[in-house]
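Source file: upload_25.txt (compact mmCIF, C-alpha atoms)
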# COMPACT_ATOMS: atom_id res chain seq x y z
CA MET A 9 -12.60 116.84 89.49
CA VAL A 10 -14.92 114.23 88.03
CA VAL A 11 -16.11 111.29 90.16
CA GLY A 12 -18.55 108.47 89.50
CA THR A 13 -21.51 108.28 91.88
CA GLN A 14 -22.64 104.69 91.25
CA TRP A 15 -20.75 101.45 90.51
CA GLY A 16 -18.81 102.83 87.58
CA ASP A 17 -19.64 102.92 83.88
CA GLU A 18 -21.55 106.18 84.32
CA GLY A 19 -19.96 107.75 81.24
CA LYS A 20 -17.28 109.79 83.03
CA GLY A 21 -15.03 109.72 79.99
CA LYS A 22 -17.43 111.72 77.85
CA PHE A 23 -17.79 114.59 80.30
CA THR A 24 -14.12 114.51 81.24
CA ASP A 25 -13.40 114.93 77.54
CA LEU A 26 -15.93 117.78 77.36
CA LEU A 27 -14.44 119.58 80.35
CA ALA A 28 -10.87 118.93 79.17
CA ARG A 29 -11.19 121.37 76.29
CA ASP A 30 -10.98 124.21 78.83
CA MET A 31 -8.13 122.63 80.81
CA ASP A 32 -4.37 122.80 80.70
CA MET A 33 -3.80 119.49 82.47
CA VAL A 34 -5.87 116.34 83.01
CA VAL A 35 -4.68 114.00 85.78
CA ARG A 36 -5.72 110.40 86.41
CA TYR A 37 -5.35 109.75 90.16
CA GLN A 38 -6.22 106.07 90.88
CA GLY A 39 -7.16 102.69 89.46
CA GLY A 40 -5.60 100.76 86.63
CA HIS A 41 -6.63 99.27 83.29
CA ASN A 42 -9.59 97.53 84.93
CA ALA A 43 -11.77 100.43 83.81
CA GLY A 44 -12.25 102.03 80.42
CA HIS A 45 -13.50 105.32 79.03
CA THR A 46 -15.19 105.32 75.65
CA LEU A 47 -15.17 108.57 73.67
CA VAL A 48 -16.86 109.13 70.31
CA VAL A 49 -15.22 112.01 68.43
CA GLU A 50 -16.33 112.90 64.90
CA GLY A 51 -17.56 109.35 64.38
CA GLN A 52 -14.32 107.82 65.63
CA THR A 53 -14.41 105.74 68.83
CA PHE A 54 -11.54 105.90 71.30
CA LYS A 55 -11.39 103.38 74.15
CA LEU A 56 -8.99 104.58 76.83
CA GLN A 57 -7.83 102.49 79.78
CA LEU A 58 -4.88 104.35 81.31
CA VAL A 59 -4.18 107.45 79.23
CA PRO A 60 -6.21 110.41 80.58
CA SER A 61 -9.05 111.66 78.40
CA GLY A 62 -7.36 115.02 77.82
CA VAL A 63 -4.88 113.40 75.42
CA LEU A 64 -7.29 114.13 72.57
CA TYR A 65 -6.64 117.88 72.94
CA PRO A 66 -3.22 119.11 71.71
CA HIS A 67 -3.06 121.87 74.34
CA VAL A 68 -3.62 119.53 77.31
CA THR A 69 -0.92 117.76 79.32
CA PRO A 70 -2.29 114.30 80.18
CA MET A 71 -0.83 112.91 83.40
CA ILE A 72 -0.93 109.57 85.24
CA GLY A 73 -0.61 110.21 88.97
CA ASN A 74 1.12 108.27 91.71
CA GLY A 75 -2.12 106.60 92.84
CA VAL A 76 -2.50 104.64 89.60
CA VAL A 77 -1.21 101.09 89.08
CA ILE A 78 0.24 100.63 85.60
CA ASP A 79 0.77 97.63 83.36
CA PRO A 80 3.50 99.04 81.09
CA ARG A 81 2.61 96.74 78.22
CA VAL A 82 -1.03 97.80 78.28
CA LEU A 83 -0.05 101.46 78.47
CA LEU A 84 2.34 101.20 75.53
CA ASP A 85 -0.23 99.30 73.47
CA GLU A 86 -2.75 102.07 74.17
CA VAL A 87 -0.22 104.72 73.16
CA ASP A 88 0.44 102.83 69.93
CA ARG A 89 -3.27 102.63 69.10
CA LEU A 90 -3.78 106.32 69.79
CA SER A 91 -0.72 107.24 67.72
CA ALA A 92 -1.98 105.11 64.83
CA ALA A 93 -5.23 107.11 64.99
CA GLY A 94 -3.31 110.37 64.74
CA VAL A 95 -3.33 111.29 68.44
CA ASP A 96 -0.07 112.74 69.77
CA CYS A 97 0.92 111.07 73.06
CA GLY A 98 4.25 112.87 73.38
CA ARG A 99 2.87 115.13 76.13
CA LEU A 100 1.98 112.22 78.41
CA LYS A 101 3.58 112.35 81.87
CA ILE A 102 3.76 109.39 84.26
CA SER A 103 4.46 109.57 87.97
CA GLY A 104 7.63 107.80 89.00
CA ASN A 105 5.81 106.83 92.20
CA ALA A 106 3.03 104.94 90.42
CA HIS A 107 3.22 101.20 91.02
CA LEU A 108 3.73 98.58 88.32
CA ILE A 109 1.44 95.68 87.51
CA LEU A 110 3.62 92.73 86.56
CA PRO A 111 2.68 89.30 85.17
CA TYR A 112 2.67 87.57 88.55
CA HIS A 113 0.01 90.01 89.74
CA GLN A 114 -2.30 88.92 86.95
CA THR A 115 -1.64 85.24 87.57
CA LEU A 116 -2.39 85.67 91.27
CA ASP A 117 -5.57 87.59 90.43
CA VAL A 118 -6.86 84.77 88.24
CA VAL A 119 -6.05 81.89 90.57
CA ALA A 120 -7.23 83.68 93.73
CA GLU A 121 -10.58 84.55 92.15
CA ARG A 122 -11.01 80.97 90.99
CA HIS A 123 -10.13 79.75 94.48
CA LEU A 124 -12.99 81.83 95.96
CA GLY A 125 -15.54 79.87 93.91
CA ARG A 126 -19.09 81.00 94.68
CA ASN A 127 -17.72 83.82 96.83
CA LYS A 128 -15.80 85.39 93.95
CA LEU A 129 -15.57 89.18 93.90
CA GLY A 130 -16.06 89.71 90.18
CA THR A 131 -12.54 91.02 89.61
CA THR A 132 -11.46 91.83 86.06
CA LYS A 133 -8.38 89.60 86.59
CA ARG A 134 -6.08 92.38 85.40
CA GLY A 135 -3.79 92.21 88.45
CA ILE A 136 -5.09 95.41 90.01
CA GLY A 137 -5.83 94.05 93.49
CA PRO A 138 -2.56 92.11 93.88
CA ALA A 139 -0.57 95.17 92.74
CA TYR A 140 -2.25 97.39 95.32
CA ALA A 141 -1.74 94.65 97.93
CA ASP A 142 1.99 94.65 97.21
CA LYS A 143 1.98 98.44 97.47
CA ALA A 144 0.43 98.23 100.93
CA ALA A 145 2.84 95.44 101.91
CA ARG A 146 5.73 97.66 100.72
CA VAL A 147 7.11 95.10 98.29
CA GLY A 148 5.74 96.70 95.11
CA LEU A 149 7.87 97.88 92.21
CA ARG A 150 7.34 101.45 91.05
CA VAL A 151 7.68 103.11 87.67
CA GLN A 152 10.85 104.89 88.80
CA ASP A 153 12.49 101.50 89.47
CA LEU A 154 12.64 100.99 85.71
CA LEU A 155 15.21 103.80 85.60
CA ASP A 156 17.65 101.83 87.79
CA PRO A 157 18.19 98.30 86.42
CA LYS A 158 20.12 97.19 89.51
CA ILE A 159 17.35 98.27 91.87
CA PHE A 160 14.70 96.79 89.58
CA ARG A 161 16.37 93.36 89.61
CA GLU A 162 16.96 93.46 93.35
CA LYS A 163 13.34 94.33 94.15
CA LEU A 164 12.04 91.79 91.66
CA GLY A 165 14.18 89.12 93.28
CA VAL A 166 12.80 89.93 96.72
CA VAL A 167 9.16 89.79 95.66
CA LEU A 168 9.52 86.64 93.53
CA HIS A 169 11.23 84.91 96.45
CA GLU A 170 7.80 85.18 98.09
CA LYS A 171 5.49 84.85 95.09
CA ASN A 172 7.06 81.87 93.32
CA PRO A 173 6.62 79.37 96.19
CA LEU A 174 3.05 80.59 96.65
CA LEU A 175 2.27 80.09 92.97
CA ALA A 176 3.94 76.68 92.84
CA LYS A 177 2.86 75.11 96.14
CA VAL A 178 -0.59 76.63 96.64
CA TYR A 179 -1.85 77.19 93.10
CA ASN A 180 0.24 74.67 91.14
CA ARG A 181 1.55 77.33 88.75
CA LEU A 182 5.00 77.63 87.19
CA PRO A 183 7.37 80.12 88.85
CA PHE A 184 8.57 83.29 87.12
CA ASP A 185 12.22 83.62 86.12
CA ILE A 186 13.76 86.80 87.52
CA GLU A 187 16.16 87.49 84.66
CA THR A 188 13.62 86.80 81.92
CA LEU A 189 11.10 89.12 83.53
CA ALA A 190 13.64 91.82 84.31
CA ASN A 191 15.05 91.82 80.78
CA GLN A 192 11.57 91.99 79.26
CA TYR A 193 10.65 95.17 81.13
CA LEU A 194 14.06 96.84 81.16
CA GLU A 195 14.74 96.22 77.48
CA GLU A 196 11.25 96.54 75.99
CA CYS A 197 9.39 98.97 78.24
CA ARG A 198 11.99 101.20 79.86
CA PRO A 199 13.33 102.84 76.65
CA ARG A 200 9.83 103.85 75.55
CA LEU A 201 8.62 105.05 78.94
CA GLU A 202 11.70 106.88 80.17
CA ALA A 203 10.94 110.21 78.49
CA HIS A 204 7.45 110.25 80.02
CA ILE A 205 8.44 109.55 83.65
CA ALA A 206 8.32 112.73 85.74
CA ASP A 207 7.74 114.37 89.11
CA THR A 208 4.01 114.71 88.53
CA VAL A 209 3.33 116.25 91.96
CA GLY A 210 5.70 119.07 91.12
CA LEU A 211 4.15 119.53 87.69
CA VAL A 212 0.62 119.67 89.08
CA HIS A 213 1.56 122.29 91.66
CA ASP A 214 3.47 124.34 89.09
CA ALA A 215 0.29 124.38 87.00
CA LEU A 216 -1.93 125.32 89.95
CA GLU A 217 0.43 128.04 91.14
CA GLY A 218 0.59 129.36 87.59
CA GLY A 219 -3.18 129.81 87.49
CA GLN A 220 -3.75 126.99 85.03
CA ASN A 221 -6.88 124.83 84.90
CA VAL A 222 -6.39 121.28 86.14
CA LEU A 223 -8.93 118.48 85.90
CA PHE A 224 -8.64 115.30 87.98
CA GLU A 225 -10.31 112.15 86.72
CA GLY A 226 -10.79 108.87 88.50
CA ALA A 227 -11.71 105.37 87.45
CA GLN A 228 -14.54 103.23 88.84
CA ALA A 229 -16.84 105.09 91.24
CA MET A 230 -18.08 105.87 94.73
CA PHE A 231 -19.65 102.47 95.50
CA LEU A 232 -16.58 100.58 94.29
CA ASP A 233 -14.40 102.56 96.70
CA LEU A 234 -12.29 100.37 99.00
CA ASP A 235 -13.53 102.22 102.11
CA HIS A 236 -16.95 103.55 101.11
CA GLY A 237 -18.20 100.99 98.60
CA THR A 238 -20.18 97.76 98.94
CA TYR A 239 -17.22 95.89 100.43
CA PRO A 240 -15.85 93.34 99.59
CA PHE A 241 -17.32 93.76 96.10
CA VAL A 242 -15.17 96.83 95.46
CA THR A 243 -11.99 97.90 93.73
CA SER A 244 -8.64 98.17 95.51
CA SER A 245 -8.28 101.94 95.54
CA ASN A 246 -10.21 105.09 96.46
CA PRO A 247 -12.19 106.60 93.55
CA VAL A 248 -13.97 109.04 95.89
CA ALA A 249 -13.10 112.73 95.77
CA GLY A 250 -10.77 112.40 98.75
CA GLY A 251 -8.66 109.95 96.77
CA VAL A 252 -7.39 112.72 94.52
CA CYS A 253 -5.41 114.24 97.40
CA VAL A 254 -3.39 111.06 97.90
CA GLY A 255 -3.40 109.84 94.31
CA ALA A 256 -2.23 113.11 92.75
CA GLY A 257 -0.52 114.87 95.65
CA VAL A 258 -2.76 117.91 96.08
CA GLY A 259 -4.46 119.32 99.17
CA PRO A 260 -8.24 119.74 99.53
CA ARG A 261 -8.16 123.53 99.22
CA HIS A 262 -7.10 123.22 95.59
CA ILE A 263 -10.35 121.44 94.63
CA ASP A 264 -13.02 124.03 93.81
CA ARG A 265 -15.50 121.91 91.83
CA VAL A 266 -16.48 118.26 92.22
CA ILE A 267 -18.74 116.95 89.46
CA GLY A 268 -20.60 113.73 90.20
CA VAL A 269 -21.46 111.69 87.12
CA THR A 270 -24.60 109.56 87.29
CA LYS A 271 -26.56 107.64 84.71
CA ALA A 272 -30.25 108.41 84.36
CA TYR A 273 -30.63 104.82 85.58
CA ILE A 274 -28.03 102.58 87.27
CA SER A 275 -25.85 99.61 86.46
CA ARG A 276 -23.16 97.47 87.98
CA VAL A 277 -20.91 94.75 86.63
CA GLY A 278 -19.74 91.70 88.53
CA SER A 279 -20.85 90.50 91.94
CA GLY A 280 -22.34 92.39 94.87
CA PRO A 281 -25.62 93.77 96.23
CA PHE A 282 -27.88 95.76 93.90
CA PRO A 283 -31.22 96.78 95.48
CA CYS A 284 -32.68 98.25 92.26
CA GLU A 285 -31.60 95.52 89.87
CA LEU A 286 -34.17 94.64 87.20
CA THR A 287 -34.14 91.11 85.80
CA ASP A 288 -37.20 91.62 83.61
CA GLU A 289 -37.76 93.03 80.12
CA ILE A 290 -37.10 96.58 81.33
CA GLY A 291 -33.69 95.52 82.59
CA ASP A 292 -33.02 93.91 79.20
CA HIS A 293 -34.17 97.12 77.49
CA LEU A 294 -31.68 99.20 79.49
CA VAL A 295 -28.88 96.77 78.63
CA ASP A 296 -29.71 96.68 74.92
CA VAL A 297 -30.47 100.37 74.32
CA GLY A 298 -27.74 101.58 76.67
CA ARG A 299 -25.20 99.15 75.19
CA GLU A 300 -24.36 98.03 78.70
CA TYR A 301 -21.32 95.88 78.11
CA GLY A 302 -17.89 96.54 79.65
CA THR A 303 -15.48 98.64 77.57
CA ASN A 304 -12.60 96.29 78.42
CA THR A 305 -14.15 93.06 79.65
CA LYS A 306 -17.26 92.99 77.40
CA ARG A 307 -19.18 91.67 80.41
CA ARG A 308 -22.93 92.33 80.43
CA ARG A 309 -23.87 94.85 83.08
CA ARG A 310 -26.74 94.47 85.52
CA CYS A 311 -29.20 97.36 85.19
CA GLY A 312 -32.00 98.97 87.17
CA TRP A 313 -33.93 102.15 87.90
CA LEU A 314 -32.05 105.16 89.30
CA ASP A 315 -31.25 104.87 93.01
CA THR A 316 -31.29 108.26 94.73
CA VAL A 317 -30.49 106.76 98.15
CA MET A 318 -27.06 105.96 96.73
CA LEU A 319 -26.90 109.30 94.96
CA ARG A 320 -27.53 111.29 98.14
CA HIS A 321 -24.80 109.32 99.91
CA ALA A 322 -22.41 110.05 97.05
CA VAL A 323 -23.20 113.76 97.34
CA ARG A 324 -22.28 113.64 101.03
CA VAL A 325 -19.07 111.64 100.80
CA ASN A 326 -17.69 113.50 97.79
CA SER A 327 -18.95 117.03 98.60
CA LEU A 328 -20.42 117.18 95.11
CA SER A 329 -21.00 120.65 93.71
CA ASP A 330 -23.08 119.52 90.73
CA LEU A 331 -24.19 116.53 88.69
CA ALA A 332 -23.55 115.40 85.15
CA ILE A 333 -26.37 113.05 84.12
CA THR A 334 -25.65 110.64 81.28
CA LYS A 335 -27.76 108.46 79.00
CA LEU A 336 -31.05 110.27 79.51
CA ASP A 337 -31.94 109.18 75.97
CA VAL A 338 -31.88 105.50 76.98
CA LEU A 339 -35.17 106.13 78.82
CA ASP A 340 -36.86 107.62 75.73
CA ALA A 341 -39.23 104.70 75.14
CA LEU A 342 -40.09 103.91 78.76
CA ASP A 343 -43.34 105.02 80.41
CA PRO A 344 -43.71 105.24 83.34
CA ILE A 345 -40.21 105.73 84.75
CA LYS A 346 -39.44 104.71 88.32
CA VAL A 347 -36.96 106.24 90.75
CA CYS A 348 -35.88 104.65 94.02
CA VAL A 349 -36.26 107.26 96.77
CA ALA A 350 -35.83 105.05 99.86
CA TYR A 351 -35.33 101.45 100.98
CA GLU A 352 -37.42 99.17 103.11
CA VAL A 353 -35.25 97.06 105.41
CA ASP A 354 -37.00 94.56 107.67
CA GLY A 355 -40.24 96.54 107.44
CA GLU A 356 -38.59 99.89 108.21
CA ARG A 357 -38.19 102.77 105.74
CA ARG A 358 -34.62 103.97 105.24
CA ASP A 359 -33.98 107.28 103.47
CA SER A 360 -30.22 107.02 103.86
CA MET A 361 -27.70 104.34 102.95
CA PRO A 362 -27.57 101.47 105.47
CA TYR A 363 -24.10 101.16 106.93
CA HIS A 364 -24.31 97.40 107.51
CA GLN A 365 -23.68 95.15 104.53
CA SER A 366 -26.39 92.64 105.51
CA GLU A 367 -29.01 95.39 105.46
CA ILE A 368 -27.94 96.47 101.97
CA HIS A 369 -28.43 92.89 100.79
CA ARG A 370 -31.93 92.86 102.30
CA ALA A 371 -32.93 96.32 101.12
CA VAL A 372 -36.08 96.54 99.01
CA PRO A 373 -36.42 99.69 96.87
CA ILE A 374 -39.30 102.12 97.46
CA TYR A 375 -40.15 103.73 94.12
CA GLU A 376 -41.89 106.84 92.93
CA GLU A 377 -43.26 106.86 89.39
CA LEU A 378 -42.87 109.67 86.90
CA PRO A 379 -44.37 109.88 83.42
CA GLY A 380 -42.09 109.13 80.49
CA TRP A 381 -41.65 111.46 77.53
CA CYS A 382 -41.73 108.89 74.68
CA THR A 383 -39.69 111.23 72.48
CA ASP A 384 -36.28 110.83 70.84
CA LEU A 385 -33.90 113.12 72.75
CA SER A 386 -30.76 112.31 70.75
CA GLY A 387 -30.99 115.50 68.70
CA VAL A 388 -31.89 117.87 71.56
CA GLY A 389 -29.15 120.41 72.23
CA ASP A 390 -30.98 122.98 74.33
CA ARG A 391 -32.74 122.67 77.65
CA ALA A 392 -35.73 124.62 76.39
CA ALA A 393 -36.33 121.93 73.78
CA LEU A 394 -36.69 119.13 76.32
CA PRO A 395 -40.17 117.62 76.72
CA ARG A 396 -41.81 118.70 79.97
CA GLU A 397 -41.68 115.15 81.31
CA ALA A 398 -37.91 114.94 80.73
CA GLU A 399 -37.43 118.32 82.43
CA ASP A 400 -39.56 117.11 85.36
CA TYR A 401 -37.47 113.96 85.64
CA LEU A 402 -34.25 115.95 85.82
CA ARG A 403 -35.76 118.31 88.39
CA PHE A 404 -36.81 115.34 90.49
CA ILE A 405 -33.24 114.01 90.47
CA GLU A 406 -31.91 117.41 91.51
CA GLU A 407 -34.39 117.62 94.38
CA GLN A 408 -33.56 114.13 95.59
CA ALA A 409 -29.79 114.70 95.35
CA GLY A 410 -29.79 118.22 96.76
CA VAL A 411 -27.39 119.55 94.12
CA PRO A 412 -28.04 120.93 90.62
CA ALA A 413 -27.41 119.19 87.31
CA SER A 414 -25.07 121.13 85.06
CA LEU A 415 -24.65 118.70 82.16
CA VAL A 416 -26.99 116.11 80.65
CA GLY A 417 -26.01 113.55 78.02
CA VAL A 418 -28.50 112.60 75.30
CA GLY A 419 -26.32 110.31 73.18
CA PRO A 420 -22.83 108.81 72.89
CA GLY A 421 -21.38 111.53 70.65
CA ARG A 422 -19.03 114.20 71.95
CA ASP A 423 -21.56 116.94 71.13
CA GLN A 424 -24.68 115.12 72.29
CA PHE A 425 -25.20 116.92 75.57
CA ILE A 426 -27.16 119.78 77.10
CA SER A 427 -25.41 122.33 79.27
CA PHE A 428 -27.55 123.57 82.17
CA SER A 429 -24.87 125.99 83.29
CA PRO A 430 -21.46 127.12 82.02
CA VAL A 431 -19.18 124.12 81.49
CA SER A 432 -16.09 125.90 82.74

Please express the file's structure as structure tokens.
Amino acid sequence: MVVGTQWGDEGKGKFTDLLARDMDMVVRYQGGHNAGHTLVVEGQTFKLQLVPSGVLYPHVTPMIGNGVVIDPRVLLDEVDRLSAAGVDCGRLKISGNAHLILPYHQTLDVVAERHLGRNKLGTTKRGIGPAYADKAARVGLRVQDLLDPKIFREKLGVVLHEKNPLLAKVYNRLPFDIETLANQYLEECRPRLEAHIADTVGLVHDALEGGQNVLFEGAQAMFLDLDHGTYPFVTSSNPVAGGVCVGAGVGPRHIDRVIGVTKAYISRVGSGPFPCELTDEIGDHLVDVGREYGTNTKRRRRCGWLDTVMLRHAVRVNSLSDLAITKLDVLDALDPIKVCVAYEVDGERRDSMPYHQSEIHRAVPIYEELPGWCTDLSGVGDRAALPREAEDYLRFIEEQAGVPASLVGVGPGRDQFISFSPVS
């Protein structure tokens, strides 16, 4: 499986795409269309939100697991765009147990975030949180409900009986009409999705028992995890490695490799603590050279030097077997390069992640400096061709993390990477 080790946007899509060429099935196990993967293939850019990265390979079965929340309109629009680009989406399978994001979820997301004012969470306003909240409250509608119009209308009526007064009396918004909403999804979305809806848990286990290669991909990352992230500035699901067991229906013994993706620096989008954030010209350089703007939201990301305190914690929580390091080339012109190796909190050195949120907000990074390489790495395809300083930087990351790097990205293209060990 592939998991992000920071606050998302590490470039998971590129390496998921790379690994997918040796897979039979690629499964998305959590999140929604609040995250995007950008892939550059033969000069053509694909921006995926819900469809798993493996869709670009004709031999791969792309699958959306039960842990994902799905806006059917967004999914169908993505399928249409991929089809127009010549990508066959006929193999796509969708779990009947995945929950639906409906228009009232998005409305609630917008008004609730606005209501928080200065305490806003930085949500993408795509309805992700409210959909997961309904799932936990056991009033959510699932993909399989689309297959039974009577059940769909009944469940929609129950939930709107609660949501409409809330929208009208608390947020001064117009209520949703049950029949209009039901007809829209049953008449427009159901016919196109029906052939893709499946028992994905059964399909995954059939593949595993048949000796096939299965890759699990998540959205967001470790420090946006609902339980292990910088709460409350997190997503509403579990991107960590353990989330795959619930979100795809597989047990831990089936997972034999967990690849943690990390940028050669770090970024986050939206609100929340960020000990290594740079607000100077170096931070601007990382944003500009790294093209640090959200795939979906276009929001500017906050950037800083690599934080190995966070990385070591990610290794622990996810049982990482190896690292995939992206965007090493973004550091080409910087000298020296700093790496955060510990925090200072109230005058005390901390080598591990503080558990208390107030301490994370007060944490001051302790840096070590390494020399830069001041060389264009975008054309390097072999480890032996790396400048010594770049090799030393990668070795330093490995030592700090305690696990080896197996893949290193040196550009946005599909083939712009260095393999430190066999990919499959």

Please, which residues in region 169-245 of chain A fall within 7 Å of region 24-33 of chain A when counting only C-alpha atoms, and what is the closest atom pair and distance in Å to one decimal for each, ordered by chain then residue number, as a Markdown table?
| residue | atom | partner | partner_atom | distance |
| --- | --- | --- | --- | --- |
| A:Gln220 | CA | A:Asp32 | CA | 6.1 |
| A:Asn221 | CA | A:Met31 | CA | 4.8 |
| A:Val222 | CA | A:Met33 | CA | 4.8 |
| A:Leu223 | CA | A:Met33 | CA | 6.3 |

Given the choices A:Val254, A:Met71, A:Ala409, A:Leu336, which gets closest to Arg320 (chain A) if the distance is worked out from only C-alpha atoms?
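The shortest atom-to-atom distance to Arg320 (chain A) comes from A:Ala409.
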
query: Pick from A:Pro395, A:Pro283, A:Gly21, A:Gly75: nearest to Tyr351 (chain A), with only C-alpha atoms counted?
result: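 Nearest to Tyr351 (chain A): A:Pro283.
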
Can you pull out every residue within 12 Å of Leu58 (chain A), counting only C-alpha atoms, but drop anything in the same chain fewer than 2 positions away, and send it as a VMD selection string? chain A and resid 21 35 to 46 55 to 56 60 to 63 70 to 73 76 to 87 90 100 to 102 225 to 227 304

As lines of an AutoDock Vina configuration file, what would the box around region 295-302 of chain A look like: edges along x, y and z, 4 Å added on every side, centre and edge lengths in Å to one decimal?
center_x = -24.2
center_y = 98.7
center_z = 77.0
size_x = 20.6
size_y = 13.7
size_z = 13.3

CA of Tyr273 (chain A) and CA of Leu294 (chain A), how far apart in Å?
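CA of Leu294 (chain A) sits 8.4 Å away from CA of Tyr273 (chain A).
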
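Comparing A:Ala392, A:Ala398, A:Leu339, A:Val325 by their smallest distance to Pro247 (chain A), the closest is A:Val325 (using all atoms listed in the file).
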
Task: Proximity to His364 (chain A) - best of A:Leu402, A:Ala206, A:His236, A:Glu217, only C-alpha atoms - done: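 Once distances to His364 (chain A) are computed over only C-alpha atoms, the minimum belongs to A:His236.
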
Q) Smallest atom-to-atom distance to Glu367 (chain A): which of A:Leu194, A:Ala92, A:Val353, A:Val178, using all atoms listed in the file? A)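 That would be A:Val353, the residue with the smallest distance to Glu367 (chain A).
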
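Proximity to Pro260 (chain A) was assessed for A:Gly219, A:Asn326, A:Gly210, A:Leu155 counting all atoms listed in the file; the smallest distance is recorded for A:Asn326.
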
task = Quick one: pull the distance between CA of Asp233 (chain A) and CA of Asn246 (chain A), Å, one decimal.
result =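 Separation between CA of Asp233 (chain A) and CA of Asn246 (chain A): 4.9 Å.
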
Each residue of region 272-345 of chain A with at least one atom at most 12 Å from region 413-431 of chain A should appear once, together with its nearest atom pair and the corresponding distance in Å (one decimal); atoms considered: all atoms listed in the file; ordering: chain, then increasing residue number; output as a tab-separated table.
residue	atom	partner	partner_atom	distance
A:Ala272	CA	A:Val416	CA	9.1
A:Val297	CA	A:Gly419	CA	10.8
A:Gly298	CA	A:Gly419	CA	9.5
A:Arg299	CA	A:Pro420	CA	10.2
A:Leu328	CA	A:Ala413	CA	10.7
A:Ser329	CA	A:Ala413	CA	9.2
A:Asp330	CA	A:Ala413	CA	5.5
A:Leu331	CA	A:Ala413	CA	4.4
A:Ala332	CA	A:Leu415	CA	4.6
A:Ile333	CA	A:Val416	CA	4.7
A:Thr334	CA	A:Gly417	CA	4.4
A:Lys335	CA	A:Gly417	CA	5.5
A:Leu336	CA	A:Val418	CA	5.4
A:Asp337	CA	A:Val418	CA	4.9
A:Val338	CA	A:Val418	CA	8.0
A:Leu339	CA	A:Val418	CA	9.9
A:Asp340	CA	A:Val418	CA	9.7

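Between CA of Leu378 (chain A) and CA of Ile345 (chain A) there is a distance of 5.2 Å.
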
field: Contacts of Glu162 (chain A) at 12 Å (only C-alpha atoms; same-chain gap of 5+ positions) as a ChimeraX atom specification
entry: /A:147-149,153-154,156-157,167-169,186-187,190

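With all atoms listed in the file taken into account, the protein and nucleic acid residues at most 9 Å from Thr13 (chain A) (excluding it and anything under 5 positions from it in its own chain) are Glu18, Ala229, Met230, Phe231, Val248, Gly268, Val269, Thr270, Lys271, Met318, Leu319, His321, Ala322, Val323 and Asn326 of chain A.
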